[in-house]
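Trainee: Pasting a structure below so you can have a look.
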Amino acid sequence: MQSNIEPTYTARLRSRRMEVEKTLGHLSTERHQVESNTEWLNETAYKRRITLLDRVTAWYRSEMAQIDKALNRVKDKRYGFCVACHKPIGMEHLELSPESEYCPSCQSLQEH
Ligand SMILES: [Zn+2]
């Protein structure tokens, strides 16, 4: 069963990875533009913009790392199994987030 669902999620992970990569490209272009723009009215506005861009970039980078980890688990034939308790993560959970490392119960332990 597990091997039947794998290709669907792998495809979703790959296309999501491409989107994230594109977004990261846009973000870095925008950061360069902000940095090279000398017409900023004030320092605060400039810093706020840079901080925001950095925060969003970090967020996308961590998503990219999650996706890469998930794709590595596909390669190692461990995809779909919880990295903590090794039980199947469950299709419903994978449907919501194909990059999940943990089953719902281990995930809630992580969050607390
Ligand atoms: Zn678990």
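Labels used: A, B, ... for chains in the order of the structure tokens, numbers from 1 for residues in each chain, and numbers from 1 for ligands as shown.
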What are the closest atom pairs, with distances in Å to one decimal, for each residue of chain A lying within 12 Å of ligand 1, using only C-alpha atoms and all ligand atoms, rows by chain and rising residue number, as a Markdown table?

Mentor:
```
| residue | atom | partner | partner_atom_place_in_ligand_line | distance |
| --- | --- | --- | --- | --- |
| A:Gly80 | CA | ligand 1 | 1 (Zn) | 10.6 |
| A:Phe81 | CA | ligand 1 | 1 (Zn) | 7.8 |
| A:Cys82 | CA | ligand 1 | 1 (Zn) | 4.6 |
| A:Val83 | CA | ligand 1 | 1 (Zn) | 6.7 |
| A:Ala84 | CA | ligand 1 | 1 (Zn) | 5.0 |
| A:Cys85 | CA | ligand 1 | 1 (Zn) | 4.1 |
| A:His86 | CA | ligand 1 | 1 (Zn) | 6.1 |
| A:Lys87 | CA | ligand 1 | 1 (Zn) | 5.9 |
| A:Pro88 | CA | ligand 1 | 1 (Zn) | 7.8 |
| A:Ile89 | CA | ligand 1 | 1 (Zn) | 7.0 |
| A:Gly90 | CA | ligand 1 | 1 (Zn) | 10.2 |
| A:His93 | CA | ligand 1 | 1 (Zn) | 11.7 |
| A:Ser100 | CA | ligand 1 | 1 (Zn) | 10.5 |
| A:Glu101 | CA | ligand 1 | 1 (Zn) | 8.5 |
| A:Tyr102 | CA | ligand 1 | 1 (Zn) | 5.2 |
| A:Cys103 | CA | ligand 1 | 1 (Zn) | 4.2 |
| A:Pro104 | CA | ligand 1 | 1 (Zn) | 6.8 |
| A:Ser105 | CA | ligand 1 | 1 (Zn) | 5.9 |
| A:Cys106 | CA | ligand 1 | 1 (Zn) | 4.3 |
| A:Gln107 | CA | ligand 1 | 1 (Zn) | 7.1 |
| A:Ser108 | CA | ligand 1 | 1 (Zn) | 9.5 |
| A:Leu109 | CA | ligand 1 | 1 (Zn) | 9.2 |
| A:Gln110 | CA | ligand 1 | 1 (Zn) | 10.1 |
```

Trainee: At a cut-off of 9 Å, using only C-alpha atoms, what residues contact Arg17 of chain A? Leave out same-chain residues fewer than 6 positions from it and give the result as an MDAnalysis selection string.

Mentor: chainID A and resid 63:64 67:68

Trainee: Keeping N, CA and C atoms, export the residues of the selection given above as a CSV table (one decimal), in the first residue's frame.

Mentor:
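Contents of the output file selection.csv:
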```
chain,number,residue,atom,x,y,z
A,63,GLU,N,11.2,25.4,4.6
A,63,GLU,CA,10.3,24.5,3.9
A,63,GLU,C,11.0,23.7,2.9
A,64,MET,N,12.0,24.3,2.2
A,64,MET,CA,12.8,23.6,1.2
A,64,MET,C,13.6,22.5,1.9
A,67,ILE,N,11.3,19.6,2.6
A,67,ILE,CA,10.9,18.9,1.3
A,67,ILE,C,12.1,18.0,0.9
A,68,ASP,N,13.3,18.5,1.0
A,68,ASP,CA,14.5,17.7,0.7
A,68,ASP,C,14.7,16.5,1.6
```

Trainee: Rounded to one decimal place, report the atom CA of Glu99 of chain A-atom CA of Ala70 of chain A distance in Å.

Mentor: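 Going from atom CA of Glu99 of chain A over to atom CA of Ala70 of chain A covers 5.3 Å.
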
Trainee: Expressed in Å to a single decimal, how great is the separation between atom CA of Pro7 of chain A and atom CA of Val74 of chain A?

Mentor: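 A separation of 9.2 Å between them.
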
Trainee: Identify, with DSSP run on backbone atoms, the residues in chain A assigned to alpha helix (DSSP H), and express the list as number ranges by chain.

Mentor: A: 2-36, 43-75, 91-96, 104-111

Trainee: Pick the closest to Arg78 of chain A from A:Arg12, A:Gln66, A:Val20, A:Glu6: which is it, counting only C-alpha atoms?

Mentor: A:Glu6

Trainee: Find the distance between atom CA of Thr57 of chain A and atom CA of Gly25 of chain A and write it in Å to one decimal.

Mentor: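 Between atom CA of Thr57 of chain A and atom CA of Gly25 of chain A the gap works out to 9.6 Å.
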
Trainee: Could you list, as a count of residues only, every residue within 10 Å of Asp54 of chain A, counting only C-alpha atoms and ignoring same-chain residues fewer than 6 positions away?

Mentor: 5

Trainee: Go through A:Lys77, A:His32, A:Lys22, A:Arg16 and flag the residue nearest Leu53 of chain A, using only C-alpha atoms for the distances.

Mentor: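 Checking each of A:Lys77, A:His32, A:Lys22, A:Arg16 against Leu53 of chain A, counting only C-alpha atoms, the winner is A:His32.
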